[in-house]
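Asks: I'm passing along final10.txt; it holds compact mmCIF, C-alpha atoms (C1' of nucleotides).
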```txt
# COMPACT_ATOMS: atom_id res chain seq x y z
CA MET C 1 33.06 13.49 21.20
CA PRO C 2 29.84 11.71 20.23
CA TRP C 3 26.39 12.66 21.26
CA GLU C 4 23.86 10.18 22.61
CA LYS C 5 20.57 9.71 20.82
CA THR C 6 17.63 11.39 22.49
CA PHE C 7 15.43 8.35 21.88
CA GLU C 8 15.66 4.67 22.57
CA GLU C 9 15.85 2.71 19.34
CA SER C 10 13.84 -0.15 20.79
CA ASP C 11 11.04 2.25 21.74
CA VAL C 12 10.85 3.42 18.15
CA ILE C 13 10.80 -0.16 16.89
CA GLU C 14 8.10 -1.05 19.38
CA LYS C 15 5.79 1.68 18.13
CA THR C 16 6.71 0.98 14.54
CA MET C 17 5.87 -2.67 15.12
CA ALA C 18 2.38 -1.76 16.28
CA LEU C 19 1.78 0.08 13.02
CA PHE C 20 3.10 -2.60 10.65
CA TRP C 21 1.31 -5.21 12.70
CA GLU C 22 -2.05 -3.51 12.37
CA LYS C 23 -1.93 -2.13 8.85
CA GLY C 24 0.68 -4.20 7.08
CA TYR C 25 3.74 -3.12 5.18
CA ALA C 26 2.24 -1.39 2.15
CA ALA C 27 -0.43 0.54 4.03
CA THR C 28 2.01 1.94 6.59
CA SER C 29 3.89 5.06 5.52
CA ILE C 30 7.05 6.67 6.87
CA SER C 31 4.88 9.62 7.88
CA ASP C 32 2.73 7.27 9.94
CA ILE C 33 5.88 6.20 11.75
CA THR C 34 7.25 9.68 12.40
CA ALA C 35 3.80 10.75 13.61
CA ALA C 36 3.46 7.80 15.98
CA THR C 37 6.98 7.99 17.39
CA GLY C 38 7.56 11.74 17.40
CA ILE C 39 10.90 11.09 15.69
CA LYS C 40 11.69 13.45 12.87
CA ARG C 41 12.23 12.08 9.41
CA GLY C 42 15.95 12.74 9.29
CA SER C 43 16.61 11.09 12.63
CA LEU C 44 14.72 8.02 11.54
CA TYR C 45 16.87 7.59 8.45
CA ASN C 46 19.96 8.27 10.49
CA ALA C 47 19.14 5.45 12.86
CA PHE C 48 17.70 2.96 10.40
CA ASN C 49 18.22 2.08 6.77
CA GLY C 50 14.74 2.74 5.48
CA LYS C 51 11.30 1.23 5.44
CA GLU C 52 12.32 -2.34 4.69
CA ASP C 53 14.87 -2.34 7.46
CA LEU C 54 12.36 -0.84 9.88
CA PHE C 55 9.92 -3.60 9.04
CA LEU C 56 12.50 -6.31 9.49
CA GLN C 57 13.51 -4.95 12.90
CA ALA C 58 9.86 -4.79 13.92
CA LEU C 59 9.25 -8.34 12.74
CA LEU C 60 12.29 -9.63 14.61
CA LYS C 61 11.18 -7.88 17.76
CA TYR C 62 7.73 -9.40 17.47
CA ASP C 63 9.22 -12.83 16.84
CA ASN C 64 11.56 -12.60 19.80
CA GLU C 65 9.30 -11.01 22.34
CA ARG C 66 6.02 -12.70 21.52
CA ARG C 67 6.39 -15.99 19.70
CA ARG C 68 9.65 -17.13 21.22
CA LYS C 69 8.65 -16.03 24.68
CA MET C 70 5.32 -17.82 24.51
CA LEU C 71 6.81 -21.08 23.28
CA ARG C 72 9.46 -20.94 26.00
CA GLN C 73 6.81 -20.56 28.68
CA LEU C 74 4.63 -23.37 27.40
CA GLU C 75 7.54 -25.72 26.85
CA SER C 76 8.53 -25.46 30.48
CA LEU C 77 5.23 -26.93 31.69
CA ASP C 78 5.23 -30.41 33.18
CA ASP C 79 2.37 -31.68 31.09
CA PRO C 80 3.12 -31.32 27.36
CA ARG C 81 -0.48 -31.90 26.35
CA GLU C 82 -1.47 -29.06 28.62
CA GLY C 83 1.12 -26.93 26.81
CA ILE C 84 -0.69 -27.35 23.51
CA TYR C 85 -4.08 -26.83 25.15
CA ARG C 86 -2.96 -23.59 26.72
CA PHE C 87 -1.36 -22.52 23.48
CA PHE C 88 -4.70 -22.50 21.69
CA ASP C 89 -6.56 -21.00 24.63
CA ARG C 90 -4.12 -18.13 24.65
CA ILE C 91 -4.30 -17.66 20.88
CA VAL C 92 -8.06 -17.25 21.08
CA GLU C 93 -7.89 -15.07 24.16
CA THR C 94 -5.21 -12.84 22.67
CA SER C 95 -7.14 -12.51 19.42
CA LEU C 96 -10.33 -11.48 21.18
CA SER C 97 -8.79 -9.14 23.72
CA ASP C 98 -6.95 -7.01 21.18
CA PRO C 99 -9.20 -4.03 20.38
CA HIS C 100 -7.27 -3.44 17.16
CA ARG C 101 -7.77 -6.99 15.95
CA ARG C 102 -4.22 -7.19 14.71
CA GLY C 103 -3.96 -10.95 14.77
CA CYS C 104 -0.43 -12.35 14.62
CA MET C 105 2.20 -10.30 12.84
CA LEU C 106 3.98 -13.40 11.56
CA VAL C 107 0.78 -14.82 10.11
CA ASN C 108 -0.09 -11.46 8.57
CA THR C 109 3.34 -11.29 7.00
CA SER C 110 3.10 -14.84 5.70
CA LEU C 111 0.13 -13.84 3.59
CA ASP C 112 2.18 -11.21 1.78
CA TYR C 113 5.06 -13.66 1.60
CA ALA C 114 6.09 -12.85 -1.96
CA GLN C 115 6.06 -9.10 -1.39
CA HIS C 116 8.65 -9.14 1.35
CA THR C 117 12.43 -9.17 1.48
CA GLU C 118 14.27 -12.45 1.53
CA ALA C 119 15.36 -11.56 5.07
CA ALA C 120 11.77 -11.08 6.24
CA ARG C 121 10.68 -14.27 4.54
CA GLU C 122 13.38 -16.19 6.34
CA VAL C 123 12.12 -14.93 9.69
CA VAL C 124 8.61 -16.12 8.87
CA THR C 125 9.76 -19.48 7.55
CA ALA C 126 11.97 -20.10 10.57
CA ALA C 127 9.21 -19.07 12.96
CA PHE C 128 6.73 -21.50 11.43
CA LYS C 129 9.32 -24.23 11.36
CA GLU C 130 9.94 -23.72 15.08
CA LEU C 131 6.22 -23.79 15.71
CA THR C 132 5.71 -27.17 14.06
CA ASP C 133 8.82 -28.45 15.82
CA PHE C 134 7.32 -27.26 19.08
CA PHE C 135 4.06 -29.08 18.42
CA GLU C 136 5.84 -32.22 17.30
CA ARG C 137 8.11 -32.27 20.33
CA LEU C 138 5.26 -31.80 22.77
CA ILE C 139 3.19 -34.49 21.09
CA GLU C 140 6.04 -36.98 21.33
CA ARG C 141 6.71 -36.11 24.95
CA GLY C 142 3.01 -36.47 25.70
CA GLN C 143 3.04 -39.89 24.12
CA THR C 144 5.97 -41.19 26.13
CA ARG C 145 4.19 -39.93 29.24
CA GLY C 146 1.04 -41.72 28.14
CA ASP C 147 -1.08 -38.57 27.97
CA ILE C 148 -1.43 -38.51 24.21
CA PRO C 149 -2.62 -41.60 22.28
CA GLU C 150 -0.01 -43.41 20.19
CA THR C 151 -2.39 -43.27 17.23
CA VAL C 152 -1.59 -39.58 16.86
CA GLU C 153 0.99 -39.06 14.13
CA PRO C 154 3.35 -36.33 15.44
CA VAL C 155 4.48 -34.70 12.17
CA ALA C 156 1.12 -34.68 10.43
CA THR C 157 -0.64 -33.47 13.55
CA ALA C 158 1.91 -30.72 14.07
CA ASN C 159 1.13 -29.47 10.58
CA ALA C 160 -2.58 -29.65 11.25
CA LEU C 161 -2.14 -27.61 14.42
CA LEU C 162 -0.23 -25.02 12.43
CA ALA C 163 -3.13 -24.78 10.01
CA PHE C 164 -5.49 -24.26 12.94
CA LEU C 165 -3.25 -21.57 14.36
CA VAL C 166 -3.15 -19.66 11.08
CA GLY C 167 -6.87 -20.10 10.50
CA ILE C 168 -7.79 -18.86 13.95
CA ARG C 169 -5.48 -15.86 13.74
CA VAL C 170 -6.71 -14.77 10.31
CA LEU C 171 -10.39 -15.25 11.07
CA GLY C 172 -9.88 -13.62 14.45
CA ARG C 173 -9.06 -10.37 12.68
CA GLY C 174 -12.74 -9.68 12.32
CA VAL C 175 -14.63 -12.08 10.09
CA VAL C 176 -15.63 -14.39 12.88
CA GLY C 177 -16.75 -13.95 16.48
CA GLU C 178 -15.90 -15.47 19.82
CA GLY C 179 -17.98 -18.65 19.57
CA PRO C 180 -16.58 -20.04 16.34
CA LEU C 181 -13.04 -19.12 17.37
CA GLN C 182 -13.36 -21.13 20.55
CA GLN C 183 -14.86 -24.05 18.66
CA MET C 184 -11.87 -24.03 16.34
CA ALA C 185 -9.50 -24.09 19.29
CA GLU C 186 -11.42 -27.02 20.79
CA SER C 187 -11.15 -28.91 17.51
CA ALA C 188 -7.43 -28.26 17.47
CA LYS C 189 -7.10 -29.68 20.97
CA GLY C 190 -9.23 -32.60 19.88
CA LEU C 191 -6.54 -33.66 17.41
CA ILE C 192 -4.32 -34.77 20.30
CA GLY C 193 -7.14 -36.42 22.20
CA MET D 1 -26.95 8.49 -30.33
CA PRO D 2 -24.76 6.62 -27.88
CA TRP D 3 -21.46 5.04 -28.62
CA GLU D 4 -20.55 1.54 -27.55
CA LYS D 5 -17.58 1.02 -25.32
CA THR D 6 -14.55 -0.38 -27.09
CA PHE D 7 -13.84 -2.78 -24.24
CA GLU D 8 -15.78 -5.35 -22.32
CA GLU D 9 -16.23 -4.28 -18.71
CA SER D 10 -16.02 -7.85 -17.49
CA ASP D 11 -12.67 -8.29 -19.24
CA VAL D 12 -11.31 -5.29 -17.40
CA ILE D 13 -12.62 -6.61 -14.10
CA GLU D 14 -11.11 -10.00 -14.82
CA LYS D 15 -7.64 -8.56 -15.30
CA THR D 16 -8.10 -6.17 -12.40
CA MET D 17 -9.08 -9.12 -10.24
CA ALA D 18 -5.84 -10.89 -11.03
CA LEU D 19 -3.89 -7.88 -9.77
CA PHE D 20 -5.80 -7.33 -6.54
CA TRP D 21 -5.78 -11.06 -5.94
CA GLU D 22 -2.01 -11.31 -6.23
CA LYS D 23 -0.84 -8.09 -4.62
CA GLY D 24 -3.73 -6.99 -2.44
CA TYR D 25 -5.60 -3.71 -2.36
CA ALA D 26 -2.93 -1.33 -1.04
CA ALA D 27 -0.08 -2.61 -3.19
CA THR D 28 -2.05 -2.41 -6.43
CA SER D 29 -2.14 1.02 -8.08
CA ILE D 30 -4.42 2.47 -10.72
CA SER D 31 -1.41 2.63 -13.00
CA ASP D 32 -0.95 -1.12 -12.53
CA ILE D 33 -4.51 -1.56 -13.71
CA THR D 34 -4.29 0.69 -16.75
CA ALA D 35 -1.02 -1.01 -17.69
CA ALA D 36 -2.49 -4.50 -17.39
CA THR D 37 -5.74 -3.75 -19.19
CA GLY D 38 -4.59 -1.24 -21.78
CA ILE D 39 -7.49 0.98 -20.74
CA LYS D 40 -6.62 4.64 -20.42
CA ARG D 41 -7.02 6.35 -17.09
CA GLY D 42 -10.02 8.47 -18.04
CA SER D 43 -11.93 5.57 -19.56
CA LEU D 44 -11.42 3.58 -16.40
CA TYR D 45 -12.93 6.32 -14.28
CA ASN D 46 -15.73 6.76 -16.79
CA ALA D 47 -16.69 3.12 -16.48
CA PHE D 48 -16.09 2.63 -12.76
CA ASN D 49 -16.26 4.75 -9.66
CA GLY D 50 -12.68 4.48 -8.53
CA LYS D 51 -10.31 2.06 -6.86
CA GLU D 52 -12.66 0.89 -4.12
CA ASP D 53 -15.42 0.18 -6.60
CA LEU D 54 -13.00 -1.66 -8.87
CA PHE D 55 -11.92 -3.83 -5.97
CA LEU D 56 -15.48 -4.60 -4.97
CA GLN D 57 -16.39 -5.62 -8.52
CA ALA D 58 -13.31 -7.82 -8.69
CA LEU D 59 -14.12 -9.43 -5.36
CA LEU D 60 -17.71 -10.09 -6.41
CA LYS D 61 -16.55 -11.64 -9.65
CA TYR D 62 -14.16 -13.90 -7.77
CA ASP D 63 -16.86 -14.87 -5.32
CA ASN D 64 -19.35 -15.66 -8.03
CA GLU D 65 -17.13 -17.43 -10.51
CA ARG D 66 -14.85 -19.32 -8.18
CA ARG D 67 -16.28 -19.93 -4.73
CA ARG D 68 -19.97 -20.17 -5.67
CA LYS D 69 -19.23 -22.27 -8.72
CA MET D 70 -17.07 -24.71 -6.78
CA LEU D 71 -19.60 -25.17 -4.00
CA ARG D 72 -22.36 -25.73 -6.54
CA GLN D 73 -20.37 -28.47 -8.24
CA LEU D 74 -19.46 -30.26 -5.04
CA GLU D 75 -22.94 -29.99 -3.61
CA SER D 76 -24.38 -31.85 -6.57
CA LEU D 77 -22.36 -34.97 -5.84
CA ASP D 78 -24.19 -38.06 -4.61
CA ASP D 79 -21.84 -38.67 -1.71
CA PRO D 80 -21.65 -35.65 0.60
CA ARG D 81 -18.58 -36.90 2.38
CA GLU D 82 -16.86 -37.17 -0.97
CA GLY D 83 -17.85 -33.54 -1.56
CA ILE D 84 -15.83 -32.39 1.42
CA TYR D 85 -12.94 -34.69 0.53
CA ARG D 86 -12.78 -33.30 -2.97
CA PHE D 87 -13.10 -29.78 -1.64
CA PHE D 88 -9.83 -30.06 0.24
CA ASP D 89 -8.09 -31.95 -2.53
CA ARG D 90 -8.96 -29.16 -4.91
CA ILE D 91 -7.89 -26.45 -2.48
CA VAL D 92 -4.45 -28.00 -2.20
CA GLU D 93 -4.20 -28.70 -5.90
CA THR D 94 -5.29 -25.17 -6.82
CA SER D 95 -2.85 -23.65 -4.35
CA LEU D 96 0.08 -25.63 -5.72
CA SER D 97 -0.70 -25.24 -9.40
CA ASP D 98 -0.90 -21.45 -9.33
CA PRO D 99 2.55 -20.14 -10.30
CA HIS D 100 1.72 -16.77 -8.76
CA ARG D 101 0.82 -18.33 -5.41
CA ARG D 102 -2.16 -16.02 -5.05
CA GLY D 103 -4.08 -18.20 -2.61
CA CYS D 104 -7.76 -17.38 -2.23
CA MET D 105 -8.83 -13.80 -2.82
CA LEU D 106 -11.52 -14.00 -0.14
CA VAL D 107 -9.08 -15.30 2.44
CA ASN D 108 -6.54 -12.65 1.47
CA THR D 109 -9.19 -9.97 1.85
CA SER D 110 -10.31 -11.33 5.20
CA LEU D 111 -6.86 -10.66 6.60
CA ASP D 112 -7.16 -6.95 5.77
CA TYR D 113 -10.74 -7.03 7.01
CA ALA D 114 -10.64 -3.71 8.86
CA GLN D 115 -9.04 -1.86 5.95
CA HIS D 116 -11.85 -2.56 3.52
CA THR D 117 -15.19 -0.99 2.75
CA GLU D 118 -18.27 -2.16 4.53
CA ALA D 119 -19.49 -3.52 1.20
CA ALA D 120 -16.35 -5.60 0.70
CA ARG D 121 -16.50 -6.85 4.27
CA GLU D 122 -20.05 -8.01 3.74
CA VAL D 123 -19.00 -10.03 0.72
CA VAL D 124 -16.31 -11.76 2.76
CA THR D 125 -18.56 -12.38 5.74
CA ALA D 126 -21.33 -13.79 3.56
CA ALA D 127 -18.90 -15.99 1.67
CA PHE D 128 -17.52 -17.53 4.85
CA LYS D 129 -20.99 -17.98 6.23
CA GLU D 130 -21.99 -19.87 3.12
CA LEU D 131 -18.88 -21.98 3.41
CA THR D 132 -19.63 -23.12 6.92
CA ASP D 133 -23.26 -23.69 5.95
CA PHE D 134 -22.01 -25.81 3.08
CA PHE D 135 -19.83 -27.91 5.37
CA GLU D 136 -22.58 -28.24 7.94
CA ARG D 137 -25.16 -29.30 5.38
CA LEU D 138 -22.90 -31.91 3.83
CA ILE D 139 -21.96 -33.31 7.22
CA GLU D 140 -25.61 -33.71 8.18
CA ARG D 141 -26.48 -35.28 4.86
CA GLY D 142 -23.53 -37.64 5.26
CA GLN D 143 -24.78 -38.61 8.68
CA THR D 144 -28.31 -39.44 7.53
CA ARG D 145 -26.77 -41.55 4.77
CA GLY D 146 -24.60 -43.28 7.36
CA ASP D 147 -21.29 -42.23 5.77
CA ILE D 148 -20.27 -39.83 8.52
CA PRO D 149 -20.25 -40.93 12.17
CA GLU D 150 -22.95 -39.45 14.40
CA THR D 151 -20.27 -38.44 16.89
CA VAL D 152 -19.24 -35.63 14.56
CA GLU D 153 -20.79 -32.37 15.70
CA PRO D 154 -21.87 -30.56 12.48
CA VAL D 155 -21.54 -26.90 13.56
CA ALA D 156 -18.26 -27.23 15.43
CA THR D 157 -16.76 -29.37 12.69
CA ALA D 158 -17.86 -26.94 10.01
CA ASN D 159 -15.99 -24.20 11.82
CA ALA D 160 -12.93 -26.41 12.15
CA LEU D 161 -12.99 -27.11 8.43
CA LEU D 162 -13.16 -23.39 7.77
CA ALA D 163 -10.06 -22.92 9.90
CA PHE D 164 -8.29 -25.60 7.88
CA LEU D 165 -9.35 -23.95 4.65
CA VAL D 166 -7.96 -20.58 5.72
CA GLY D 167 -4.79 -22.10 7.12
CA ILE D 168 -4.07 -24.08 3.97
CA ARG D 169 -4.73 -21.13 1.70
CA VAL D 170 -2.54 -18.74 3.66
CA LEU D 171 0.34 -21.16 4.11
CA GLY D 172 -0.04 -22.20 0.48
CA ARG D 173 1.03 -18.74 -0.56
CA GLY D 174 4.62 -19.69 -0.08
CA VAL D 175 5.63 -20.49 3.48
CA VAL D 176 4.97 -24.17 3.19
CA GLY D 177 5.47 -26.80 0.51
CA GLU D 178 3.44 -29.58 -1.03
CA GLY D 179 3.90 -32.22 1.64
CA PRO D 180 2.67 -30.26 4.66
CA LEU D 181 -0.22 -28.83 2.65
CA GLN D 182 -1.43 -32.30 1.77
CA GLN D 183 -1.06 -33.46 5.35
CA MET D 184 -3.23 -30.58 6.47
CA ALA D 185 -5.89 -31.53 3.93
CA GLU D 186 -5.77 -35.12 5.16
CA SER D 187 -6.24 -33.94 8.73
CA ALA D 188 -9.21 -31.88 7.65
CA LYS D 189 -10.77 -34.93 6.01
CA GLY D 190 -10.01 -36.88 9.16
CA LEU D 191 -12.38 -34.67 11.12
CA ILE D 192 -15.34 -36.28 9.37
CA GLY D 193 -13.98 -39.79 9.64
C1' DC Y 1 36.47 27.27 25.71
C1' DG Y 2 37.16 25.50 21.32
C1' DT Y 3 37.38 21.46 18.65
C1' DT Y 4 35.31 17.19 17.17
C1' DG Y 5 31.90 13.94 15.55
C1' DT Y 6 27.29 12.73 15.85
C1' DT Y 7 22.32 13.77 16.02
C1' DT Y 8 18.60 16.62 15.06
C1' DA Y 9 15.42 19.39 12.40
C1' DG Y 10 12.93 20.23 8.47
C1' DA Y 11 13.29 21.91 3.93
C1' DC Y 12 13.68 19.64 -0.19
C1' DC Y 13 13.96 15.94 -4.03
C1' DG Y 14 11.85 13.37 -7.84
C1' DT Y 15 8.30 9.97 -8.30
C1' DT Y 16 3.97 8.01 -7.70
C1' DT Y 17 -0.48 8.19 -5.76
C1' DG Y 18 -5.85 8.39 -6.70
C1' DG Y 19 -8.63 11.29 -9.17
C1' DT Y 20 -10.37 15.16 -12.57
C1' DC Y 21 -11.28 17.54 -16.84
C1' DA Y 22 -11.68 19.62 -21.49
C1' DA Y 23 -11.31 18.62 -25.93
C1' DA Y 24 -11.31 15.42 -29.56
C1' DA Y 25 -13.28 11.12 -31.58
C1' DC Y 26 -17.04 8.72 -32.58
C1' DA Y 27 -21.48 5.94 -33.84
C1' DA Y 28 -26.31 6.29 -34.39
C1' DG Y 29 -30.68 8.92 -35.21
C1' DA Y 30 -32.74 12.66 -37.74
C1' DT A 1 -24.90 15.43 -43.31
C1' DC A 2 -25.66 17.35 -39.22
C1' DT A 3 -26.90 16.90 -34.65
C1' DT A 4 -26.69 14.43 -30.30
C1' DG A 5 -24.84 12.00 -26.35
C1' DT A 6 -21.32 9.07 -24.95
C1' DT A 7 -16.29 7.51 -24.90
C1' DT A 8 -11.76 8.16 -25.37
C1' DT A 9 -7.58 10.46 -24.66
C1' DG A 10 -3.80 12.49 -22.32
C1' DA A 11 -2.69 16.38 -19.96
C1' DC A 12 -3.26 17.88 -15.49
C1' DC A 13 -4.00 18.24 -10.28
C1' DA A 14 -2.85 18.36 -5.39
C1' DA A 15 -1.38 15.25 -2.10
C1' DA A 16 1.43 11.72 -0.43
C1' DC A 17 5.13 8.63 -1.17
C1' DG A 18 10.17 7.00 0.25
C1' DG A 19 14.36 9.04 0.66
C1' DT A 20 18.24 12.80 0.82
C1' DC A 21 20.81 16.62 2.53
C1' DT A 22 22.49 20.73 4.78
C1' DA A 23 22.71 23.59 8.54
C1' DA A 24 22.06 24.04 13.27
C1' DA A 25 22.24 21.89 17.92
C1' DC A 26 24.68 19.41 20.90
C1' DA A 27 27.62 16.60 24.43
C1' DA A 28 32.17 15.04 25.39
C1' DC A 29 37.00 15.55 25.07
C1' DG A 30 41.37 18.16 24.96
```
Re-express the file's structure as structure tokens.

Replies:
Amino acid sequence: MPWEKTFEESDVIEKTMALFWEKGYAATSISDITAATGIKRGSLYNAFNGKEDLFLQALLKYDNERRRKMLRQLESLDDPREGIYRFFDRIVETSLSDPHRRGCMLVNTSLDYAQHTEAAREVVTAAFKELTDFFERLIERGQTRGDIPETVEPVATANALLAFLVGIRVLGRGVVGEGPLQQMAESAKGLIG
Amino acid sequence: MPWEKTFEESDVIEKTMALFWEKGYAATSISDITAATGIKRGSLYNAFNGKEDLFLQALLKYDNERRRKMLRQLESLDDPREGIYRFFDRIVETSLSDPHRRGCMLVNTSLDYAQHTEAAREVVTAAFKELTDFFERLIERGQTRGDIPETVEPVATANALLAFLVGIRVLGRGVVGEGPLQQMAESAKGLIG
DNA sequence: CGTTGTTTAGACCGTTTGGTCAAAACAAGA
DNA sequence: TCTTGTTTTGACCAAACGGTCTAAACAACG
């Protein structure tokens, strides 16, 4: 008896994500979303629970399809040090190649931390936790392989790399150009020799 | 013939600054401002040119009374390396002691770079330029005094310190606690030996 | 083909948005 | 005290906000 939806929910979320990513939560309106997706207002509210829910879905999609995917790829490399190197190369490259200068949606959201739902905050917190764990793990693996000096303290360095990541992604939104961004990435790599 | 204003413009800007600083441009409404200052709507528009102008004034006030003041203090120290050390100690301390977790208004604004007026963007750009110049200058002075190793490349390191600054201030808004923040500051100091 | 249960469309809701305006209030100079 | 030029006040504006709701459109089942 039912009737299939005429749109793919994940397509809507994908386009919605692009909006929240670029303009942030407060500056993105429901009308922006209906305009960008072609979905009519009523259908949107029939499929989702409102703006907050839409944002959470978008954030989860970003987290799954970008952050998680990237870490998975880099973790599978033979050389762990190379994993961290490539991580920062890709961060800089991604920042520069995006014409909209959207940066990283998780970093953007972390700045408005207090304004968001508990659910959204948990996504951000977990994502950053997994990032430092990723750095820490790769550092330790690099040390057992002899590629990374034993003088490098894994936990502290992982936190420092996180700071670099956030700094690069924020400044990459427009304040700073290609040169400085690359220098920052080189400094980050320098922390693990 | 005139009639003096019954409020101090700088007081209004001060309270307005606190709002924009905490919630950002888009999430702060004119009603928020009239509520916080007690100024009636019409008087506000009589004294200022609107929301964008209000934000610019607030940003300038922040830049002058916080960033400029801090750099001036630290630059007058005898030991330039100590200047950079104290800089990061104060950044962490300031981040943690603010119950509202507002971070740095210039950093917050830099994330919404594209959304702001050209005038506001110029303030941010100039502020960050002066920050890297500050780091660079202190590094060079530290090197001529023999306190900072000659192997430290002033320009690249200045950019790296800027990345740390931004990272610490963003993560200090809530995602991360005291321990990691201090570790990041220590890593920043570590860049200049 | 009619019933059933969902989706769609878009008019509609009250509230809030940034911004304006006319009239009243006012202090200082004449 | 009366004029003068600015400030204050609060009502007012159109537009946009997030969200609701009803009626029509629809595909699948009996």

Asks: Enumerate, in order of chain and increasing residue number, the residues of chain D with an atom no farther than 10 Å from chain C, each with its shortest atom pair and distance in Å to one decimal, counting all atoms listed in the file, as CSV.

Replies:
```
residue,atom,partner,partner_atom,distance
D:Glu22,CA,C:Asp112,CA,9.0
D:Lys23,CA,C:Gln115,CA,7.7
D:Gly24,CA,C:Asp112,CA,8.4
D:Tyr25,CA,C:Ala27,CA,9.3
D:Ala26,CA,C:Ala27,CA,6.0
D:Ala27,CA,C:Ala26,CA,5.9
D:Thr28,CA,C:Ala26,CA,9.6
D:His100,CA,C:Ala114,CA,9.0
D:Arg101,CA,C:Ala114,CA,8.3
D:Arg102,CA,C:Leu111,CA,9.2
D:Gly103,CA,C:Leu111,CA,8.7
D:Val107,CA,C:Val170,CA,8.2
D:Asn108,CA,C:Leu111,CA,7.1
D:Ser110,CA,C:Val175,CA,6.6
D:Leu111,CA,C:Val170,CA,5.5
D:Asp112,CA,C:Lys23,CA,7.8
D:Tyr113,CA,C:Gly174,CA,6.3
D:Ala114,CA,C:Gly174,CA,7.2
D:Gln115,CA,C:Lys23,CA,7.7
D:Arg121,CA,C:Val175,CA,8.0
D:Glu122,CA,C:Val175,CA,9.3
D:Val124,CA,C:Val175,CA,7.5
D:Thr125,CA,C:Val175,CA,5.9
D:Ala126,CA,C:Val175,CA,9.5
D:Phe128,CA,C:Val175,CA,8.1
D:Lys129,CA,C:Val176,CA,9.3
D:Val155,CA,C:Gln183,CA,8.9
D:Ala156,CA,C:Gln183,CA,5.7
D:Thr157,CA,C:Ser187,CA,7.4
D:Ala158,CA,C:Met184,CA,9.2
D:Asn159,CA,C:Met184,CA,6.1
D:Ala160,CA,C:Met184,CA,4.9
D:Leu161,CA,C:Met184,CA,8.6
D:Leu162,CA,C:Gly167,CA,7.6
D:Ala163,CA,C:Gly167,CA,4.3
D:Phe164,CA,C:Ala163,CA,5.6
D:Leu165,CA,C:Gly167,CA,7.4
D:Val166,CA,C:Gly167,CA,4.9
D:Gly167,CA,C:Ala163,CA,4.3
D:Ile168,CA,C:Ala163,CA,6.2
D:Arg169,CA,C:Leu111,CA,9.0
D:Val170,CA,C:Leu111,CA,5.6
D:Leu171,CA,C:Ser110,CA,7.1
D:Gly172,CA,C:Leu111,CA,8.9
D:Arg173,CA,C:Leu111,CA,6.5
D:Gly174,CA,C:Tyr113,CA,6.3
D:Val175,CA,C:Thr125,CA,5.9
D:Val176,CA,C:Thr125,CA,8.0
D:Gly179,CA,C:Ala156,CA,9.5
D:Pro180,CA,C:Asn159,CA,6.2
D:Leu181,CA,C:Asn159,CA,8.1
D:Gln182,CA,C:Ala156,CA,9.3
D:Gln183,CA,C:Ala156,CA,5.7
D:Met184,CA,C:Ala160,CA,4.9
D:Ala185,CA,C:Ala160,CA,8.3
D:Glu186,CA,C:Ala156,CA,8.7
D:Ser187,CA,C:Ala160,CA,6.2
D:Ala188,CA,C:Ala160,CA,7.9
D:Gly190,CA,C:Leu191,CA,9.5
D:Leu191,CA,C:Leu191,CA,8.6
```

Asks: Starting from chain A, keep only residues with some atom at most 9 Å from an atom of chain D, counting all atoms listed in the file, and report them as a ChimeraX atom specification.

Replies: /A:4-10

Asks: For the residues in that selection, give me C-alpha atoms (C1' of nucleotides) as an mmCIF file, in the frame of the given file.

Replies:
```cif
data_model
loop_
_atom_site.group_PDB
_atom_site.id
_atom_site.type_symbol
_atom_site.label_atom_id
_atom_site.label_comp_id
_atom_site.auth_asym_id
_atom_site.auth_seq_id
_atom_site.Cartn_x
_atom_site.Cartn_y
_atom_site.Cartn_z
ATOM 1 C "C1'" DT A 4 -26.690 14.430 -30.300
ATOM 2 C "C1'" DG A 5 -24.840 12.000 -26.350
ATOM 3 C "C1'" DT A 6 -21.320 9.070 -24.950
ATOM 4 C "C1'" DT A 7 -16.290 7.510 -24.900
ATOM 5 C "C1'" DT A 8 -11.760 8.160 -25.370
ATOM 6 C "C1'" DT A 9 -7.580 10.460 -24.660
ATOM 7 C "C1'" DG A 10 -3.800 12.490 -22.320
#
```

Asks: Using all atoms listed in the file and a cut-off of 10 Å, which residues of chain Y sit close to chain D? Please list them as a VMD selection string.

Replies: chain Y and resid 16 to 21 26 to 29

Asks: Measure the distance from CA of Asp32 in chain D to CA of Phe48 in chain D in Å and round it to one decimal.

Replies: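 Distance reported for this atom pair: 15.6 Å.
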
Asks: Residues near Asp53 in chain D, anyone? I mean within 10 Å using only C-alpha atoms (C1' of nucleotides), not counting same-chain ones fewer than 4 positions away, as a ChimeraX atom specification.

Replies: /D:48-49,57-59,117,119-120

Asks: In Å, rounded to a single decimal, give me how far CA of Thr94 in chain C is from CA of Thr132 in chain D.

Replies: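 A separation of 23.7 Å between them.
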
Asks: What does the distance between C1' of DA27 in chain A and CA of Ile13 in chain C come to in Å, to one decimal place?

Replies: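 CA of Ile13 in chain C lies 24.9 Å from C1' of DA27 in chain A.
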
Asks: Hey, can I get the axis-aligned box for range 104-115 of chain D? All listed atoms, 4 Å padding on each side, centre and edge lengths in Å to one decimal, as JSON.

Replies:
```
{"center_x": -9.0, "center_y": -9.6, "center_z": 3.0, "size_x": 13.0, "size_y": 23.5, "size_z": 19.7}
```

Asks: I'd like to know which of C:Ile139, C:Glu52, C:Lys61, C:Asp11 is closest to Tyr85 in chain C, using all atoms listed in the file.

Replies: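 Smallest distance to Tyr85 in chain C is found for C:Ile139.
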